[in-house]
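Novice: What follows is a structure written as structure tokens; I'll ask about it next.
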Amino acid sequence: MVKVPAPGGRLAPADLERLRAGQALQMDHYGGGRLPFTCVQARGLVQQMVPLEGEGAGQVLEVLDASGGYASACLGAAHPCLQPAFREGLERGYVTDELGSLERTLLLEELFGPGGRWADRFPGSAYHASGRNSGSEGLELALRLVLESGFDRRRLTAKAGREERRTVLAFEGAWHGWTGGLVPLLNRRHYRLGLPAPVSAPPFGLDVAFLPFGEPEALEHFFAEQGSRLSAVFVEPIQGDAGILVPPPGYLRRLAGLCREHGVLLVADEVLTFAKTGQFFAMTDEEGPIPTDITVIGKSLGMGAVSTSMVIARRELTVRSSGAVSTSDLRPLTCALMRSGLRYLAEERLIERAGPLGVALRERLRRDVVEAFPELFLEVRGLGYMNGIELTERAAGALSRLRHHLLESGVFVEFMAGAGRRSHGLRYMFPAMRIAPPLIASEDDLKHIVDRIREGTRRFVEAGR
């Protein structure tokens, strides 16, 4: 075992070498840009991290988590409400989707049954659900449902009247996942060049069109010209990797209306936005739920304990026999963790609290970070606990150094790629710092996070002089 001293103490040299060796054993997915820090233990918002390089190598740092583990750990680390769920879920068996499961029944009934938590949006009489390991896998299933909706399974050809509906609309700067079926939905060259394009003989080809996100005129014009050729639209209600881009009021509802008018399926990618914006679902406005045909949720759904996603689709949307079988489809353990965590979020009103606390957080970030360092930051954007600060070109070029100073100042944040170049004469968008803390973060926790971001930025500026 590695003996972990209290924050401020140092690991034994042999233990530090062990951590370095362990990190080297894991494939580096960042092209040499992986952070030289190791988390040795965590509870709640506090992570104890050890630098692996530099003068401070081996010293235990107390770091506030402002990222939630790729925005997935909405309850932070080691939350006590999940511990009984682990035991109960294990005792319910390990059945796959071929058999029914009591734990799965309890979860789905609680969510979609009469009076269920989400029954106003997804009544069980009109929707059904499937589980997957990750958001990417969930969106792969959503794309499969879209394609199968235009396929005649008896004649093995396109459905009559759907032969020309081969186009999917996606948005510039979007992120839906790295897997092969989803890469065509990303408009950025970095993610697509050098990878094989999906091969599909006519009449089953798939064309993808892109629009800038949140631009109503471009949307209206596109549907007027291309609506009859569309099969589906994939949309993030708030774009994440593009830099936390929030659309103008009414945009998402108008998109849903255009899809309905033109017979187009609307797929909401809520993998990142789920449970972070002051509502369980970001496809919501002052009028209430915005209707979708397919909604994919993930990240926070696993409560930071498991990786999972859920695809919620209209009942008429299905796939051919065995075409959606998955080893991980709503296993009893996963269902138990989801059920316990979702109940805790609702009982403690953590979702609703994120709305007003997010407003205060963005005001502090604007005043204490953006306005304090205008040479480094352009603006803050977001909703609830899903927030981003766009960097200037100068800061974007030194992103790695900035992140090191933030970590050494006791705060862990993530950075999004930014939308980059956009069409229709819109400005270039640089990377953004994402501040998406676990929902358990209190008002005081948020203040401390902002203070540490400010301090880390000050150190970055001082070191560059």
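Residue numbering restarts at 1 in every chain; chains get A, B, ... in the order shown in the structure tokens, and ligands count up from 1 in that same order.
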Dump as JSON lines the rows for residues of region 264-357 of chain A within 8 Å of region 138-155 of chain A: closest atom pair and distance in Å with one decimal, only C-alpha atoms counted, ordered by chain and rising residue number.

Specialist:
```
{"residue": "A:Leu265", "atom": "CA", "partner": "A:Val146", "partner_atom": "CA", "distance": 7.2}
{"residue": "A:Val267", "atom": "CA", "partner": "A:Ala142", "partner_atom": "CA", "distance": 7.3}
{"residue": "A:Asp269", "atom": "CA", "partner": "A:Leu139", "partner_atom": "CA", "distance": 7.4}
{"residue": "A:Ile294", "atom": "CA", "partner": "A:Ala142", "partner_atom": "CA", "distance": 6.8}
{"residue": "A:Val296", "atom": "CA", "partner": "A:Gly138", "partner_atom": "CA", "distance": 6.2}
{"residue": "A:Ile297", "atom": "CA", "partner": "A:Gly138", "partner_atom": "CA", "distance": 7.9}
{"residue": "A:Ser309", "atom": "CA", "partner": "A:Gly138", "partner_atom": "CA", "distance": 6.0}
{"residue": "A:Met310", "atom": "CA", "partner": "A:Gly138", "partner_atom": "CA", "distance": 6.4}
{"residue": "A:Val311", "atom": "CA", "partner": "A:Gly138", "partner_atom": "CA", "distance": 5.9}
{"residue": "A:Leu317", "atom": "CA", "partner": "A:Leu145", "partner_atom": "CA", "distance": 6.0}
{"residue": "A:Thr318", "atom": "CA", "partner": "A:Leu145", "partner_atom": "CA", "distance": 6.0}
{"residue": "A:Val319", "atom": "CA", "partner": "A:Glu148", "partner_atom": "CA", "distance": 5.9}
{"residue": "A:Arg320", "atom": "CA", "partner": "A:Arg153", "partner_atom": "CA", "distance": 7.2}
{"residue": "A:Ala324", "atom": "CA", "partner": "A:Leu141", "partner_atom": "CA", "distance": 7.2}
```

Novice: Please identify which residues in region 280-461 of chain A DSSP calls alpha helix (DSSP H) from the backbone, and express them as number ranges by chain.

Specialist: A: 332-347, 350-365, 393-396, 399-408, 443-461

Novice: Please list as a list of chain:residue names every residue within 8 Å of region 223-236 of chain A, counting only C-alpha atoms and excluding residues in the same chain fewer than 3 positions away.

Specialist: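 The residues satisfying every condition are A:Val146, A:Glu164, A:Arg165, A:Arg166, A:Thr167, A:Val168, A:Leu169, A:Ala170, A:Phe171, A:Ala174, A:Leu219, A:Glu220, A:Gln239, A:Gly240, A:Leu258, A:Cys259, A:His262, A:Gly263, A:Val264, A:Leu265, A:Leu266, A:Val267, A:Ala268, A:Asp269, A:Glu270, A:Thr273.
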
Novice: Determine the nearest neighbour of Ala129 (chain A) from the options A:Gly116, A:Arg314, A:Ser307, A:Ser322, counting only C-alpha atoms.

Specialist: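 Among the listed residues, the smallest separation from Ala129 (chain A) belongs to A:Arg314.
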
Novice: DSSP on the backbone, then: every residue of region 225-304 of chain A marked strand (DSSP E or B), written as a PDB file with N, CA and C atoms, in the first residue's frame.

Specialist:
```pdb
ATOM      1  N   LEU A 230     -34.339  16.069 -44.752  1.00  0.00           N
ATOM      2  CA  LEU A 230     -33.792  15.752 -43.435  1.00  0.00           C
ATOM      3  C   LEU A 230     -34.440  14.514 -42.830  1.00  0.00           C
ATOM      4  N   SER A 231     -33.623  13.705 -42.161  1.00  0.00           N
ATOM      5  CA  SER A 231     -34.165  12.608 -41.365  1.00  0.00           C
ATOM      6  C   SER A 231     -34.140  12.952 -39.880  1.00  0.00           C
ATOM      7  N   ALA A 232     -33.119  13.694 -39.435  1.00  0.00           N
ATOM      8  CA  ALA A 232     -33.003  13.985 -37.999  1.00  0.00           C
ATOM      9  C   ALA A 232     -32.111  15.190 -37.765  1.00  0.00           C
ATOM     10  N   VAL A 233     -32.243  15.741 -36.566  1.00  0.00           N
ATOM     11  CA  VAL A 233     -31.349  16.792 -36.066  1.00  0.00           C
ATOM     12  C   VAL A 233     -30.757  16.303 -34.755  1.00  0.00           C
ATOM     13  N   PHE A 234     -29.444  16.400 -34.622  1.00  0.00           N
ATOM     14  CA  PHE A 234     -28.762  16.116 -33.362  1.00  0.00           C
ATOM     15  C   PHE A 234     -28.331  17.439 -32.750  1.00  0.00           C
ATOM     16  N   VAL A 235     -28.736  17.679 -31.511  1.00  0.00           N
ATOM     17  CA  VAL A 235     -28.423  18.967 -30.892  1.00  0.00           C
ATOM     18  C   VAL A 235     -28.094  18.806 -29.416  1.00  0.00           C
ATOM     19  N   GLN A 239     -24.051  23.799 -25.932  1.00  0.00           N
ATOM     20  CA  GLN A 239     -22.881  23.145 -26.507  1.00  0.00           C
ATOM     21  C   GLN A 239     -21.739  23.132 -25.491  1.00  0.00           C
ATOM     22  N   LEU A 245     -21.750  27.085 -24.941  1.00  0.00           N
ATOM     23  CA  LEU A 245     -22.548  28.045 -25.712  1.00  0.00           C
ATOM     24  C   LEU A 245     -24.024  27.846 -25.414  1.00  0.00           C
ATOM     25  N   LEU A 265     -36.930  13.821 -37.077  1.00  0.00           N
ATOM     26  CA  LEU A 265     -36.686  13.380 -35.701  1.00  0.00           C
ATOM     27  C   LEU A 265     -35.727  14.337 -35.000  1.00  0.00           C
ATOM     28  N   LEU A 266     -36.035  14.685 -33.760  1.00  0.00           N
ATOM     29  CA  LEU A 266     -35.174  15.558 -32.963  1.00  0.00           C
ATOM     30  C   LEU A 266     -34.494  14.731 -31.883  1.00  0.00           C
ATOM     31  N   VAL A 267     -33.162  14.703 -31.933  1.00  0.00           N
ATOM     32  CA  VAL A 267     -32.354  13.953 -30.973  1.00  0.00           C
ATOM     33  C   VAL A 267     -31.625  14.953 -30.086  1.00  0.00           C
ATOM     34  N   ALA A 268     -31.914  14.919 -28.785  1.00  0.00           N
ATOM     35  CA  ALA A 268     -31.262  15.816 -27.824  1.00  0.00           C
ATOM     36  C   ALA A 268     -30.110  15.082 -27.144  1.00  0.00           C
ATOM     37  N   ASP A 269     -28.918  15.595 -27.312  1.00  0.00           N
ATOM     38  CA  ASP A 269     -27.737  15.056 -26.644  1.00  0.00           C
ATOM     39  C   ASP A 269     -27.594  15.776 -25.307  1.00  0.00           C
ATOM     40  N   GLU A 270     -28.153  15.161 -24.254  1.00  0.00           N
ATOM     41  CA  GLU A 270     -28.092  15.745 -22.914  1.00  0.00           C
ATOM     42  C   GLU A 270     -27.101  14.986 -22.024  1.00  0.00           C
ATOM     43  N   THR A 284     -35.611  22.611 -21.831  1.00  0.00           N
ATOM     44  CA  THR A 284     -36.691  23.180 -21.025  1.00  0.00           C
ATOM     45  C   THR A 284     -36.635  24.692 -21.168  1.00  0.00           C
ATOM     46  N   ASP A 285     -37.792  25.329 -21.239  1.00  0.00           N
ATOM     47  CA  ASP A 285     -37.826  26.792 -21.220  1.00  0.00           C
ATOM     48  C   ASP A 285     -38.980  27.246 -20.336  1.00  0.00           C
ATOM     49  N   GLY A 288     -42.049  25.165 -20.356  1.00  0.00           N
ATOM     50  CA  GLY A 288     -41.969  23.795 -19.858  1.00  0.00           C
ATOM     51  C   GLY A 288     -41.076  22.930 -20.709  1.00  0.00           C
ATOM     52  N   PRO A 289     -41.289  21.606 -20.681  1.00  0.00           N
ATOM     53  CA  PRO A 289     -40.457  20.693 -21.465  1.00  0.00           C
ATOM     54  C   PRO A 289     -40.549  20.968 -22.969  1.00  0.00           C
ATOM     55  N   ILE A 294     -35.922  11.583 -29.294  1.00  0.00           N
ATOM     56  CA  ILE A 294     -34.916  10.775 -28.607  1.00  0.00           C
ATOM     57  C   ILE A 294     -34.098  11.706 -27.716  1.00  0.00           C
ATOM     58  N   THR A 295     -33.885  11.308 -26.479  1.00  0.00           N
ATOM     59  CA  THR A 295     -33.022  12.054 -25.568  1.00  0.00           C
ATOM     60  C   THR A 295     -31.996  11.088 -24.989  1.00  0.00           C
ATOM     61  N   VAL A 296     -30.742  11.494 -25.019  1.00  0.00           N
ATOM     62  CA  VAL A 296     -29.665  10.680 -24.463  1.00  0.00           C
ATOM     63  C   VAL A 296     -29.076  11.414 -23.264  1.00  0.00           C
ATOM     64  N   ILE A 297     -29.068  10.733 -22.111  1.00  0.00           N
ATOM     65  CA  ILE A 297     -28.487  11.316 -20.905  1.00  0.00           C
ATOM     66  C   ILE A 297     -27.344  10.424 -20.426  1.00  0.00           C
ATOM     67  N   GLY A 298     -26.430  11.013 -19.676  1.00  0.00           N
ATOM     68  CA  GLY A 298     -25.293  10.243 -19.190  1.00  0.00           C
ATOM     69  C   GLY A 298     -24.513  11.028 -18.161  1.00  0.00           C
TER      70      GLY A 298
END
```

Novice: Using only C-alpha atoms, which residues sit within 12 Å of Gly384 (chain A) once same-chain residues fewer than 5 positions away are excluded, as a ChimeraX atom specification?

Specialist: /A:238,244,246,273-282,350-362,435-439,441

Novice: If we count only C-alpha atoms and set the cut-off at 8 Å, which residues sit around region 90-103 of chain A, ignoring sequence neighbours fewer than 6 positions away in its own chain? Please answer as JSON, numbers by chain.

Specialist: {"A": [325, 326, 327, 328, 329, 330, 331, 332, 333, 335, 336]}
